[in-house]
$ cat run-v4.cif   # mmCIF, N, CA and C atoms
data_target
loop_
_atom_site.label_atom_id
_atom_site.label_comp_id
_atom_site.auth_asym_id
_atom_site.auth_seq_id
_atom_site.Cartn_x
_atom_site.Cartn_y
_atom_site.Cartn_z
N MET I 1 -9.62 11.83 10.42
CA MET I 1 -9.04 11.07 9.33
C MET I 1 -7.81 10.28 9.78
N LYS I 2 -7.00 10.87 10.67
CA LYS I 2 -5.81 10.16 11.14
C LYS I 2 -6.16 8.82 11.77
N GLU I 3 -7.34 8.74 12.38
CA GLU I 3 -7.73 7.49 13.03
C GLU I 3 -7.93 6.37 12.02
N ASN I 4 -8.11 6.71 10.74
CA ASN I 4 -8.24 5.70 9.68
C ASN I 4 -6.90 5.37 9.03
N ILE I 5 -5.87 6.15 9.34
CA ILE I 5 -4.58 5.98 8.69
C ILE I 5 -3.56 5.35 9.64
N TYR I 6 -3.53 5.84 10.87
CA TYR I 6 -2.55 5.39 11.85
C TYR I 6 -3.22 4.53 12.91
N ARG I 7 -2.85 3.28 12.97
CA ARG I 7 -3.42 2.39 13.99
C ARG I 7 -2.71 2.58 15.33
N ASP I 8 -1.40 2.78 15.29
CA ASP I 8 -0.62 2.97 16.51
C ASP I 8 -0.91 4.36 17.08
N LEU I 9 -1.42 4.40 18.31
CA LEU I 9 -1.86 5.67 18.90
C LEU I 9 -0.71 6.67 19.08
N LYS I 10 0.46 6.20 19.44
CA LYS I 10 1.62 7.10 19.61
C LYS I 10 1.99 7.73 18.27
N LYS I 11 1.95 6.94 17.22
CA LYS I 11 2.29 7.44 15.89
C LYS I 11 1.19 8.36 15.36
N ARG I 12 -0.04 8.09 15.75
CA ARG I 12 -1.16 8.96 15.35
C ARG I 12 -0.98 10.36 15.94
N LYS I 13 -0.50 10.42 17.17
CA LYS I 13 -0.26 11.71 17.81
C LYS I 13 0.85 12.50 17.13
N MET I 14 1.77 11.79 16.48
CA MET I 14 2.89 12.44 15.79
C MET I 14 2.53 12.85 14.36
N ALA I 15 1.40 12.41 13.86
CA ALA I 15 1.00 12.67 12.47
C ALA I 15 1.01 14.14 12.09
N PRO I 16 0.58 15.06 12.96
CA PRO I 16 0.59 16.47 12.55
C PRO I 16 1.99 17.00 12.22
N TYR I 17 3.01 16.32 12.70
CA TYR I 17 4.39 16.77 12.44
C TYR I 17 4.97 16.15 11.17
N ASN I 18 4.22 15.26 10.52
CA ASN I 18 4.67 14.63 9.29
C ASN I 18 4.48 15.60 8.13
N VAL I 19 5.58 16.08 7.56
CA VAL I 19 5.50 17.08 6.49
C VAL I 19 4.95 16.48 5.20
N LEU I 20 4.95 15.16 5.08
CA LEU I 20 4.45 14.51 3.87
C LEU I 20 2.94 14.26 3.90
N LEU I 21 2.34 14.36 5.07
CA LEU I 21 0.91 14.10 5.22
C LEU I 21 0.12 15.33 4.79
N TYR I 22 -0.75 15.15 3.80
CA TYR I 22 -1.59 16.25 3.31
C TYR I 22 -2.64 16.55 4.36
N LYS I 23 -2.73 17.80 4.77
CA LYS I 23 -3.60 18.16 5.88
C LYS I 23 -4.83 18.96 5.48
N ASP I 24 -4.88 19.46 4.25
CA ASP I 24 -6.01 20.26 3.81
C ASP I 24 -7.11 19.37 3.24
N LYS I 25 -8.26 19.99 3.01
CA LYS I 25 -9.35 19.27 2.36
C LYS I 25 -8.98 19.07 0.89
N PRO I 26 -9.35 17.92 0.31
CA PRO I 26 -9.03 17.70 -1.11
C PRO I 26 -9.81 18.67 -1.99
N ARG I 27 -9.17 19.12 -3.04
CA ARG I 27 -9.84 20.00 -4.01
C ARG I 27 -10.70 19.15 -4.92
N LEU I 28 -11.79 19.72 -5.36
CA LEU I 28 -12.73 18.99 -6.19
C LEU I 28 -12.08 18.49 -7.48
N GLY I 29 -11.29 19.33 -8.13
CA GLY I 29 -10.62 18.93 -9.37
C GLY I 29 -9.66 17.77 -9.14
N THR I 30 -8.94 17.80 -8.05
CA THR I 30 -8.02 16.71 -7.73
C THR I 30 -8.79 15.43 -7.47
N ALA I 31 -9.87 15.53 -6.71
CA ALA I 31 -10.69 14.35 -6.42
C ALA I 31 -11.27 13.77 -7.70
N LEU I 32 -11.72 14.62 -8.60
CA LEU I 32 -12.28 14.17 -9.88
C LEU I 32 -11.22 13.44 -10.71
N GLU I 33 -10.01 13.99 -10.78
CA GLU I 33 -8.94 13.35 -11.54
C GLU I 33 -8.55 12.02 -10.92
N LEU I 34 -8.51 11.94 -9.60
CA LEU I 34 -8.21 10.67 -8.93
C LEU I 34 -9.28 9.63 -9.24
N LEU I 35 -10.52 10.04 -9.27
CA LEU I 35 -11.60 9.13 -9.62
C LEU I 35 -11.44 8.63 -11.06
N LYS I 36 -11.13 9.54 -11.97
CA LYS I 36 -10.96 9.16 -13.38
C LYS I 36 -9.82 8.15 -13.56
N VAL I 37 -8.68 8.45 -12.95
CA VAL I 37 -7.53 7.57 -13.12
C VAL I 37 -7.78 6.22 -12.44
N THR I 38 -8.48 6.23 -11.32
CA THR I 38 -8.82 4.98 -10.64
C THR I 38 -9.72 4.12 -11.52
N GLN I 39 -10.70 4.73 -12.15
CA GLN I 39 -11.60 3.98 -13.04
C GLN I 39 -10.84 3.42 -14.23
N GLU I 40 -9.93 4.20 -14.80
CA GLU I 40 -9.15 3.70 -15.94
C GLU I 40 -8.24 2.55 -15.51
N LEU I 41 -7.60 2.69 -14.38
CA LEU I 41 -6.73 1.62 -13.90
C LEU I 41 -7.51 0.34 -13.65
N GLU I 42 -8.70 0.46 -13.08
CA GLU I 42 -9.52 -0.72 -12.82
C GLU I 42 -9.85 -1.46 -14.12
N GLN I 43 -10.00 -0.73 -15.20
CA GLN I 43 -10.32 -1.34 -16.49
C GLN I 43 -9.10 -1.97 -17.16
N ARG I 44 -7.90 -1.63 -16.66
CA ARG I 44 -6.68 -2.10 -17.32
C ARG I 44 -5.82 -3.00 -16.45
N LEU I 45 -6.35 -3.52 -15.37
CA LEU I 45 -5.57 -4.34 -14.45
C LEU I 45 -4.92 -5.54 -15.14
N GLU I 46 -5.62 -6.12 -16.09
CA GLU I 46 -5.10 -7.31 -16.77
C GLU I 46 -3.88 -7.02 -17.63
N GLU I 47 -3.59 -5.75 -17.87
CA GLU I 47 -2.42 -5.38 -18.67
C GLU I 47 -1.12 -5.38 -17.87
N VAL I 48 -1.22 -5.48 -16.56
CA VAL I 48 -0.01 -5.48 -15.73
C VAL I 48 0.80 -6.73 -16.03
N SER I 49 2.06 -6.53 -16.41
CA SER I 49 2.86 -7.67 -16.85
C SER I 49 4.22 -7.78 -16.16
N LEU I 50 4.53 -6.88 -15.25
CA LEU I 50 5.80 -6.95 -14.53
C LEU I 50 5.61 -7.66 -13.19
N PRO I 51 6.67 -8.21 -12.62
CA PRO I 51 6.54 -8.85 -11.31
C PRO I 51 5.91 -7.89 -10.30
N LEU I 52 5.04 -8.44 -9.46
CA LEU I 52 4.28 -7.61 -8.54
C LEU I 52 4.42 -8.07 -7.10
N LEU I 53 4.62 -7.12 -6.22
CA LEU I 53 4.48 -7.33 -4.79
C LEU I 53 3.38 -6.38 -4.35
N ILE I 54 2.26 -6.93 -3.95
CA ILE I 54 1.10 -6.14 -3.53
C ILE I 54 0.94 -6.31 -2.03
N MET I 55 0.91 -5.18 -1.31
CA MET I 55 0.82 -5.23 0.14
C MET I 55 -0.34 -4.34 0.58
N HIS I 56 -1.14 -4.87 1.51
CA HIS I 56 -2.32 -4.10 1.91
C HIS I 56 -2.74 -4.47 3.32
N GLY I 57 -3.14 -3.48 4.08
CA GLY I 57 -3.71 -3.72 5.40
C GLY I 57 -5.16 -4.17 5.26
N GLU I 58 -5.51 -5.23 5.95
CA GLU I 58 -6.88 -5.75 5.84
C GLU I 58 -7.92 -4.81 6.45
N ALA I 59 -7.49 -3.91 7.34
CA ALA I 59 -8.44 -2.97 7.97
C ALA I 59 -8.38 -1.59 7.32
N ASP I 60 -7.76 -1.49 6.17
CA ASP I 60 -7.64 -0.21 5.46
C ASP I 60 -9.01 0.21 4.92
N VAL I 61 -9.44 1.42 5.30
CA VAL I 61 -10.69 1.95 4.78
C VAL I 61 -10.45 3.15 3.86
N ILE I 62 -9.18 3.49 3.63
CA ILE I 62 -8.84 4.56 2.68
C ILE I 62 -8.86 3.98 1.26
N THR I 63 -8.14 2.90 1.07
CA THR I 63 -8.24 2.12 -0.17
C THR I 63 -8.53 0.68 0.26
N TYR I 64 -9.61 0.15 -0.19
CA TYR I 64 -10.06 -1.15 0.29
C TYR I 64 -9.18 -2.28 -0.23
N PRO I 65 -8.94 -3.28 0.61
CA PRO I 65 -8.14 -4.44 0.19
C PRO I 65 -8.69 -5.14 -1.05
N SER I 66 -9.97 -5.00 -1.30
CA SER I 66 -10.56 -5.64 -2.49
C SER I 66 -9.91 -5.13 -3.77
N ALA I 67 -9.43 -3.88 -3.78
CA ALA I 67 -8.74 -3.36 -4.96
C ALA I 67 -7.42 -4.09 -5.19
N SER I 68 -6.69 -4.35 -4.13
CA SER I 68 -5.44 -5.10 -4.25
C SER I 68 -5.71 -6.55 -4.66
N LYS I 69 -6.77 -7.12 -4.11
CA LYS I 69 -7.13 -8.49 -4.48
C LYS I 69 -7.51 -8.55 -5.96
N ALA I 70 -8.21 -7.54 -6.44
CA ALA I 70 -8.59 -7.51 -7.86
C ALA I 70 -7.36 -7.40 -8.74
N LEU I 71 -6.42 -6.55 -8.35
CA LEU I 71 -5.17 -6.43 -9.11
C LEU I 71 -4.46 -7.77 -9.15
N TYR I 72 -4.37 -8.42 -8.02
CA TYR I 72 -3.69 -9.72 -7.95
C TYR I 72 -4.38 -10.75 -8.86
N GLU I 73 -5.69 -10.78 -8.83
CA GLU I 73 -6.44 -11.77 -9.61
C GLU I 73 -6.40 -11.47 -11.11
N LYS I 74 -6.43 -10.20 -11.49
CA LYS I 74 -6.54 -9.84 -12.90
C LYS I 74 -5.21 -9.64 -13.62
N ALA I 75 -4.15 -9.34 -12.89
CA ALA I 75 -2.86 -9.11 -13.54
C ALA I 75 -2.42 -10.39 -14.24
N LYS I 76 -2.00 -10.26 -15.49
CA LYS I 76 -1.66 -11.45 -16.27
C LYS I 76 -0.31 -12.04 -15.88
N VAL I 77 0.49 -11.28 -15.17
CA VAL I 77 1.81 -11.76 -14.78
C VAL I 77 1.68 -12.96 -13.82
N LYS I 78 2.56 -13.93 -14.00
CA LYS I 78 2.54 -15.11 -13.13
C LYS I 78 3.33 -14.85 -11.85
N ASP I 79 4.34 -13.98 -11.93
CA ASP I 79 5.20 -13.67 -10.80
C ASP I 79 4.57 -12.54 -9.99
N LYS I 80 3.71 -12.93 -9.06
CA LYS I 80 3.02 -11.94 -8.26
C LYS I 80 2.79 -12.50 -6.86
N LYS I 81 2.78 -11.59 -5.90
CA LYS I 81 2.57 -11.98 -4.51
C LYS I 81 1.67 -10.94 -3.84
N LEU I 82 0.67 -11.42 -3.15
CA LEU I 82 -0.24 -10.56 -2.41
C LEU I 82 -0.04 -10.81 -0.92
N CYS I 83 0.31 -9.75 -0.20
CA CYS I 83 0.48 -9.82 1.25
C CYS I 83 -0.60 -8.96 1.90
N LEU I 84 -1.46 -9.60 2.66
CA LEU I 84 -2.49 -8.88 3.41
C LEU I 84 -2.12 -8.96 4.89
N TYR I 85 -2.18 -7.82 5.56
CA TYR I 85 -1.75 -7.74 6.95
C TYR I 85 -2.97 -7.55 7.85
N LYS I 86 -3.22 -8.54 8.68
CA LYS I 86 -4.39 -8.57 9.57
C LYS I 86 -4.41 -7.33 10.46
N ASP I 87 -5.54 -6.70 10.52
CA ASP I 87 -5.81 -5.53 11.37
C ASP I 87 -5.01 -4.28 10.98
N ALA I 88 -4.20 -4.32 9.93
CA ALA I 88 -3.37 -3.17 9.55
C ALA I 88 -4.20 -2.15 8.78
N PHE I 89 -3.83 -0.88 8.98
CA PHE I 89 -4.51 0.24 8.34
C PHE I 89 -3.80 0.62 7.04
N HIS I 90 -3.89 1.88 6.67
CA HIS I 90 -3.42 2.36 5.37
C HIS I 90 -1.91 2.54 5.28
N THR I 91 -1.29 3.02 6.33
CA THR I 91 0.15 3.33 6.27
C THR I 91 0.96 2.20 6.89
N LEU I 92 1.22 1.19 6.11
CA LEU I 92 1.89 -0.02 6.60
C LEU I 92 3.28 0.25 7.15
N LEU I 93 3.98 1.21 6.59
CA LEU I 93 5.36 1.46 7.00
C LEU I 93 5.50 2.63 7.97
N GLU I 94 4.39 3.17 8.43
CA GLU I 94 4.48 4.35 9.28
C GLU I 94 3.51 4.32 10.46
N GLY I 95 2.30 3.93 10.24
CA GLY I 95 1.28 4.06 11.26
C GLY I 95 0.95 2.81 12.04
N GLU I 96 1.66 1.75 11.76
CA GLU I 96 1.40 0.48 12.45
C GLU I 96 2.33 0.30 13.64
N PRO I 97 2.00 -0.62 14.54
CA PRO I 97 2.95 -0.96 15.60
C PRO I 97 4.26 -1.45 14.98
N ASP I 98 5.35 -1.25 15.69
CA ASP I 98 6.67 -1.57 15.15
C ASP I 98 6.79 -3.00 14.64
N GLU I 99 6.19 -3.96 15.35
CA GLU I 99 6.33 -5.36 14.91
C GLU I 99 5.68 -5.58 13.55
N VAL I 100 4.61 -4.87 13.25
CA VAL I 100 3.98 -4.98 11.93
C VAL I 100 4.87 -4.33 10.88
N ILE I 101 5.40 -3.16 11.20
CA ILE I 101 6.31 -2.47 10.26
C ILE I 101 7.51 -3.35 9.94
N PHE I 102 8.10 -3.97 10.96
CA PHE I 102 9.26 -4.85 10.73
C PHE I 102 8.87 -6.04 9.86
N HIS I 103 7.67 -6.57 10.08
CA HIS I 103 7.20 -7.69 9.26
C HIS I 103 7.04 -7.27 7.80
N VAL I 104 6.47 -6.09 7.57
CA VAL I 104 6.29 -5.57 6.21
C VAL I 104 7.66 -5.36 5.55
N ILE I 105 8.59 -4.76 6.29
CA ILE I 105 9.94 -4.54 5.75
C ILE I 105 10.61 -5.86 5.42
N ASP I 106 10.47 -6.84 6.29
CA ASP I 106 11.03 -8.17 6.01
C ASP I 106 10.44 -8.76 4.74
N ASP I 107 9.14 -8.60 4.54
CA ASP I 107 8.50 -9.10 3.32
C ASP I 107 9.05 -8.39 2.08
N ILE I 108 9.26 -7.09 2.17
CA ILE I 108 9.80 -6.33 1.04
C ILE I 108 11.22 -6.80 0.72
N ILE I 109 12.05 -6.90 1.74
CA ILE I 109 13.44 -7.32 1.54
C ILE I 109 13.50 -8.73 0.96
N SER I 110 12.68 -9.60 1.49
CA SER I 110 12.64 -10.99 0.99
C SER I 110 12.24 -11.03 -0.49
N TRP I 111 11.21 -10.27 -0.84
CA TRP I 111 10.76 -10.23 -2.23
C TRP I 111 11.85 -9.66 -3.14
N LEU I 112 12.49 -8.58 -2.70
CA LEU I 112 13.56 -7.98 -3.49
C LEU I 112 14.73 -8.94 -3.63
N ASN I 113 15.09 -9.64 -2.56
CA ASN I 113 16.18 -10.62 -2.65
C ASN I 113 15.83 -11.73 -3.63
N ASP I 114 14.59 -12.19 -3.60
CA ASP I 114 14.15 -13.24 -4.54
C ASP I 114 14.18 -12.76 -5.98
N HIS I 115 14.08 -11.46 -6.20
CA HIS I 115 14.02 -10.93 -7.55
C HIS I 115 15.28 -10.20 -7.99
N SER I 116 16.30 -10.25 -7.15
CA SER I 116 17.57 -9.61 -7.51
C SER I 116 18.37 -10.51 -8.42
N ASN I 117 19.13 -9.89 -9.28
CA ASN I 117 20.00 -10.63 -10.19
C ASN I 117 21.26 -11.02 -9.42
N THR I 118 21.39 -12.29 -9.06
CA THR I 118 22.53 -12.74 -8.26
C THR I 118 23.74 -13.09 -9.13
N LYS I 119 23.59 -13.13 -10.44
CA LYS I 119 24.70 -13.47 -11.33
C LYS I 119 25.77 -12.39 -11.35
N ASN I 120 25.39 -11.14 -11.11
CA ASN I 120 26.33 -10.03 -11.21
C ASN I 120 26.96 -9.64 -9.87
N LYS I 121 26.71 -10.41 -8.83
CA LYS I 121 27.28 -10.08 -7.53
C LYS I 121 28.77 -10.38 -7.52
N VAL I 122 29.54 -9.50 -6.87
CA VAL I 122 30.99 -9.68 -6.79
C VAL I 122 31.33 -10.46 -5.55
#
$ encode --input "run-v4.cif" --output "structure tokens"
Amino acid sequence: MKENIYRDLKKRKMAPYNVLLYKDKPRLGTALELLKVTQELEQRLEEVSLPLLIMHGEADVITYPSASKALYEKAKVKDKKLCLYKDAFHTLLEGEPDEVIFHVIDDIISWLNDHSNTKNKV
């Protein structure tokens, strides 16, 4: 499974030491609830009305980029941005080569700066 999450081989080797990475098999009840909530969310994408920054690795096989594309297309909000990262896997901020991680972080900071309230700055 790590081979689908971490593209960077050095970081993949470090994955077992990540305390946040779930290492057990998923429980059936959890999988069923995830399926239910995913289906409900898919039916309600057009209700999203807050500014959106959607980021996805194009090579992600854990959650397919088509889901992010659907959210981008169906969300009624006009203030939305979809960033797709060529060859990137599931963990954009952890399992990619450093240059990809820095690019993702730059995109996040840029989006946050564009959406920050500059009137209240001292």
$ atom_distance --input "run-v4.cif" --atom1 "atom CA of His115 of chain I" --atom2 "atom CA of Asp87 of chain I"
27.9 Å
$ residues_around --input "run-v4.cif" --residues "segment 82-85 of chain I" --least-positions-apart "6" --cutoff "5 Å" --atoms "all atoms listed in the file" --output "mmCIF file with N, CA and C atoms, in the coordinates of the input"
data_model
loop_
_atom_site.group_PDB
_atom_site.id
_atom_site.type_symbol
_atom_site.label_atom_id
_atom_site.label_comp_id
_atom_site.auth_asym_id
_atom_site.auth_seq_id
_atom_site.Cartn_x
_atom_site.Cartn_y
_atom_site.Cartn_z
ATOM 1 N N ILE I 54 2.260 -6.930 -3.950
ATOM 2 C CA ILE I 54 1.100 -6.140 -3.530
ATOM 3 C C ILE I 54 0.940 -6.310 -2.030
ATOM 4 N N MET I 55 0.910 -5.180 -1.310
ATOM 5 C CA MET I 55 0.820 -5.230 0.140
ATOM 6 C C MET I 55 -0.340 -4.340 0.580
ATOM 7 N N HIS I 56 -1.140 -4.870 1.510
ATOM 8 C CA HIS I 56 -2.320 -4.100 1.910
ATOM 9 C C HIS I 56 -2.740 -4.470 3.320
ATOM 10 N N GLY I 57 -3.140 -3.480 4.080
ATOM 11 C CA GLY I 57 -3.710 -3.720 5.400
ATOM 12 C C GLY I 57 -5.160 -4.170 5.260
ATOM 13 N N GLU I 58 -5.510 -5.230 5.950
ATOM 14 C CA GLU I 58 -6.880 -5.750 5.840
ATOM 15 C C GLU I 58 -7.920 -4.810 6.450
#
$ atom_distance --input "run-v4.cif" --atom1 "atom C of Val104 of chain I" --atom2 "atom CA of Ser49 of chain I"
23.0 Å
$ select_by_dssp --input "run-v4.cif" --residues "chain I" --states "helix (DSSP H, G or I)" --output "tab-separated table (two decimals) with N, CA and C atoms, keeping the file's coordinate frame"
chain	number	residue	atom	x	y	z
I	2	LYS	N	-7.00	10.87	10.67
I	2	LYS	CA	-5.81	10.16	11.14
I	2	LYS	C	-6.16	8.82	11.77
I	3	GLU	N	-7.34	8.74	12.38
I	3	GLU	CA	-7.73	7.49	13.03
I	3	GLU	C	-7.93	6.37	12.02
I	4	ASN	N	-8.11	6.71	10.74
I	4	ASN	CA	-8.24	5.70	9.68
I	4	ASN	C	-6.90	5.37	9.03
I	5	ILE	N	-5.87	6.15	9.34
I	5	ILE	CA	-4.58	5.98	8.69
I	5	ILE	C	-3.56	5.35	9.64
I	9	LEU	N	-1.42	4.40	18.31
I	9	LEU	CA	-1.86	5.67	18.90
I	9	LEU	C	-0.71	6.67	19.08
I	10	LYS	N	0.46	6.20	19.44
I	10	LYS	CA	1.62	7.10	19.61
I	10	LYS	C	1.99	7.73	18.27
I	11	LYS	N	1.95	6.94	17.22
I	11	LYS	CA	2.29	7.44	15.89
I	11	LYS	C	1.19	8.36	15.36
I	12	ARG	N	-0.04	8.09	15.75
I	12	ARG	CA	-1.16	8.96	15.35
I	12	ARG	C	-0.98	10.36	15.94
I	13	LYS	N	-0.50	10.42	17.17
I	13	LYS	CA	-0.26	11.71	17.81
I	13	LYS	C	0.85	12.50	17.13
I	14	MET	N	1.77	11.79	16.48
I	14	MET	CA	2.89	12.44	15.79
I	14	MET	C	2.53	12.85	14.36
I	15	ALA	N	1.40	12.41	13.86
I	15	ALA	CA	1.00	12.67	12.47
I	15	ALA	C	1.01	14.14	12.09
I	16	PRO	N	0.58	15.06	12.96
I	16	PRO	CA	0.59	16.47	12.55
I	16	PRO	C	1.99	17.00	12.22
I	17	TYR	N	3.01	16.32	12.70
I	17	TYR	CA	4.39	16.77	12.44
I	17	TYR	C	4.97	16.15	11.17
I	28	LEU	N	-11.79	19.72	-5.36
I	28	LEU	CA	-12.73	18.99	-6.19
I	28	LEU	C	-12.08	18.49	-7.48
I	29	GLY	N	-11.29	19.33	-8.13
I	29	GLY	CA	-10.62	18.93	-9.37
I	29	GLY	C	-9.66	17.77	-9.14
I	30	THR	N	-8.94	17.80	-8.05
I	30	THR	CA	-8.02	16.71	-7.73
I	30	THR	C	-8.79	15.43	-7.47
I	31	ALA	N	-9.87	15.53	-6.71
I	31	ALA	CA	-10.69	14.35	-6.42
I	31	ALA	C	-11.27	13.77	-7.70
I	32	LEU	N	-11.72	14.62	-8.60
I	32	LEU	CA	-12.28	14.17	-9.88
I	32	LEU	C	-11.22	13.44	-10.71
I	33	GLU	N	-10.01	13.99	-10.78
I	33	GLU	CA	-8.94	13.35	-11.54
I	33	GLU	C	-8.55	12.02	-10.92
I	34	LEU	N	-8.51	11.94	-9.60
I	34	LEU	CA	-8.21	10.67	-8.93
I	34	LEU	C	-9.28	9.63	-9.24
I	35	LEU	N	-10.52	10.04	-9.27
I	35	LEU	CA	-11.60	9.13	-9.62
I	35	LEU	C	-11.44	8.63	-11.06
I	36	LYS	N	-11.13	9.54	-11.97
I	36	LYS	CA	-10.96	9.16	-13.38
I	36	LYS	C	-9.82	8.15	-13.56
I	37	VAL	N	-8.68	8.45	-12.95
I	37	VAL	CA	-7.53	7.57	-13.12
I	37	VAL	C	-7.78	6.22	-12.44
I	38	THR	N	-8.48	6.23	-11.32
I	38	THR	CA	-8.82	4.98	-10.64
I	38	THR	C	-9.72	4.12	-11.52
I	39	GLN	N	-10.70	4.73	-12.15
I	39	GLN	CA	-11.60	3.98	-13.04
I	39	GLN	C	-10.84	3.42	-14.23
I	40	GLU	N	-9.93	4.20	-14.80
I	40	GLU	CA	-9.15	3.70	-15.94
I	40	GLU	C	-8.24	2.55	-15.51
I	41	LEU	N	-7.60	2.69	-14.38
I	41	LEU	CA	-6.73	1.62	-13.90
I	41	LEU	C	-7.51	0.34	-13.65
I	42	GLU	N	-8.70	0.46	-13.08
I	42	GLU	CA	-9.52	-0.72	-12.82
I	42	GLU	C	-9.85	-1.46	-14.12
I	43	GLN	N	-10.00	-0.73	-15.20
I	43	GLN	CA	-10.32	-1.34	-16.49
I	43	GLN	C	-9.10	-1.97	-17.16
I	45	LEU	N	-6.35	-3.52	-15.37
I	45	LEU	CA	-5.57	-4.34	-14.45
I	45	LEU	C	-4.92	-5.54	-15.14
I	46	GLU	N	-5.62	-6.12	-16.09
I	46	GLU	CA	-5.10	-7.31	-16.77
I	46	GLU	C	-3.88	-7.02	-17.63
I	47	GLU	N	-3.59	-5.75	-17.87
I	47	GLU	CA	-2.42	-5.38	-18.67
I	47	GLU	C	-1.12	-5.38	-17.87
I	65	PRO	N	-8.94	-3.28	0.61
I	65	PRO	CA	-8.14	-4.44	0.19
I	65	PRO	C	-8.69	-5.14	-1.05
I	66	SER	N	-9.97	-5.00	-1.30
I	66	SER	CA	-10.56	-5.64	-2.49
I	66	SER	C	-9.91	-5.13	-3.77
I	67	ALA	N	-9.43	-3.88	-3.78
I	67	ALA	CA	-8.74	-3.36	-4.96
I	67	ALA	C	-7.42	-4.09	-5.19
I	68	SER	N	-6.69	-4.35	-4.13
I	68	SER	CA	-5.44	-5.10	-4.25
I	68	SER	C	-5.71	-6.55	-4.66
I	69	LYS	N	-6.77	-7.12	-4.11
I	69	LYS	CA	-7.13	-8.49	-4.48
I	69	LYS	C	-7.51	-8.55	-5.96
I	70	ALA	N	-8.21	-7.54	-6.44
I	70	ALA	CA	-8.59	-7.51	-7.86
I	70	ALA	C	-7.36	-7.40	-8.74
I	71	LEU	N	-6.42	-6.55	-8.35
I	71	LEU	CA	-5.17	-6.43	-9.11
I	71	LEU	C	-4.46	-7.77	-9.15
I	72	TYR	N	-4.37	-8.42	-8.02
I	72	TYR	CA	-3.69	-9.72	-7.95
I	72	TYR	C	-4.38	-10.75	-8.86
I	73	GLU	N	-5.69	-10.78	-8.83
I	73	GLU	CA	-6.44	-11.77	-9.61
I	73	GLU	C	-6.40	-11.47	-11.11
I	74	LYS	N	-6.43	-10.20	-11.49
I	74	LYS	CA	-6.54	-9.84	-12.90
I	74	LYS	C	-5.21	-9.64	-13.62
I	98	ASP	N	5.35	-1.25	15.69
I	98	ASP	CA	6.67	-1.57	15.15
I	98	ASP	C	6.79	-3.00	14.64
I	99	GLU	N	6.19	-3.96	15.35
I	99	GLU	CA	6.33	-5.36	14.91
I	99	GLU	C	5.68	-5.58	13.55
I	100	VAL	N	4.61	-4.87	13.25
I	100	VAL	CA	3.98	-4.98	11.93
I	100	VAL	C	4.87	-4.33	10.88
I	101	ILE	N	5.40	-3.16	11.20
I	101	ILE	CA	6.31	-2.47	10.26
I	101	ILE	C	7.51	-3.35	9.94
I	102	PHE	N	8.10	-3.97	10.96
I	102	PHE	CA	9.26	-4.85	10.73
I	102	PHE	C	8.87	-6.04	9.86
I	103	HIS	N	7.67	-6.57	10.08
I	103	HIS	CA	7.20	-7.69	9.26
I	103	HIS	C	7.04	-7.27	7.80
I	104	VAL	N	6.47	-6.09	7.57
I	104	VAL	CA	6.29	-5.57	6.21
I	104	VAL	C	7.66	-5.36	5.55
I	105	ILE	N	8.59	-4.76	6.29
I	105	ILE	CA	9.94	-4.54	5.75
I	105	ILE	C	10.61	-5.86	5.42
I	106	ASP	N	10.47	-6.84	6.29
I	106	ASP	CA	11.03	-8.17	6.01
I	106	ASP	C	10.44	-8.76	4.74
I	107	ASP	N	9.14	-8.60	4.54
I	107	ASP	CA	8.50	-9.10	3.32
I	107	ASP	C	9.05	-8.39	2.08
I	108	ILE	N	9.26	-7.09	2.17
I	108	ILE	CA	9.80	-6.33	1.04
I	108	ILE	C	11.22	-6.80	0.72
I	109	ILE	N	12.05	-6.90	1.74
I	109	ILE	CA	13.44	-7.32	1.54
I	109	ILE	C	13.50	-8.73	0.96
I	110	SER	N	12.68	-9.60	1.49
I	110	SER	CA	12.64	-10.99	0.99
I	110	SER	C	12.24	-11.03	-0.49
I	111	TRP	N	11.21	-10.27	-0.84
I	111	TRP	CA	10.76	-10.23	-2.23
I	111	TRP	C	11.85	-9.66	-3.14
I	112	LEU	N	12.49	-8.58	-2.70
I	112	LEU	CA	13.56	-7.98	-3.49
I	112	LEU	C	14.73	-8.94	-3.63
I	113	ASN	N	15.09	-9.64	-2.56
I	113	ASN	CA	16.18	-10.62	-2.65
I	113	ASN	C	15.83	-11.73	-3.63
I	114	ASP	N	14.59	-12.19	-3.60
I	114	ASP	CA	14.15	-13.24	-4.54
I	114	ASP	C	14.18	-12.76	-5.98
I	115	HIS	N	14.08	-11.46	-6.20
I	115	HIS	CA	14.02	-10.93	-7.55
I	115	HIS	C	15.28	-10.20	-7.99
I	118	THR	N	21.39	-12.29	-9.06
I	118	THR	CA	22.53	-12.74	-8.26
I	118	THR	C	23.74	-13.09	-9.13
I	119	LYS	N	23.59	-13.13	-10.44
I	119	LYS	CA	24.70	-13.47	-11.33
I	119	LYS	C	25.77	-12.39	-11.35
I	120	ASN	N	25.39	-11.14	-11.11
I	120	ASN	CA	26.33	-10.03	-11.21
I	120	ASN	C	26.96	-9.64	-9.87
$ closest_residue --input "run-v4.cif" --among "I:Ala15, I:Asn113, I:Asp106, I:Leu45" --to "Tyr72 of chain I" --atoms "only N, CA and C atoms"
I:Leu45
$ closest_residue --input "run-v4.cif" --among "I:Leu52, I:Leu32, I:Arg12, I:Ile109" --to "Lys80 of chain I" --atoms "all atoms listed in the file"
I:Leu52
$ select_by_dssp --input "run-v4.cif" --residues "segment 25-87 of chain I" --states "strand (DSSP E)" --output "list of chain:residue names"
I:Leu52, I:Leu53, I:Ile54, I:Met55, I:His56, I:Gly57, I:Lys80, I:Lys81, I:Leu82, I:Cys83, I:Leu84, I:Tyr85
$ atom_distance --input "run-v4.cif" --atom1 "atom C of Asp60 of chain I" --atom2 "atom N of His90 of chain I"
5.7 Å
$ axis_aligned_box --input "run-v4.cif" --around "segment 82-98 of chain I" --padding-each-side "5 Å" --output "JSON"
{"center_x": 0.5, "center_y": -3.5, "center_z": 6.3, "size_x": 22.6, "size_y": 25.8, "size_z": 28.8}
$ closest_atom_pairs --input "run-v4.cif" --of "segment 2-77 of chain I" --to "segment 96-101 of chain I" --cutoff "6 Å" --atoms "only N, CA and C atoms" --output "Markdown table"
| residue | atom | partner | partner_atom | distance |
| --- | --- | --- | --- | --- |
| I:Tyr6 | CA | I:Glu96 | N | 5.6 |
| I:Arg7 | N | I:Glu96 | N | 4.9 |
| I:Asp8 | N | I:Glu96 | CA | 4.6 |
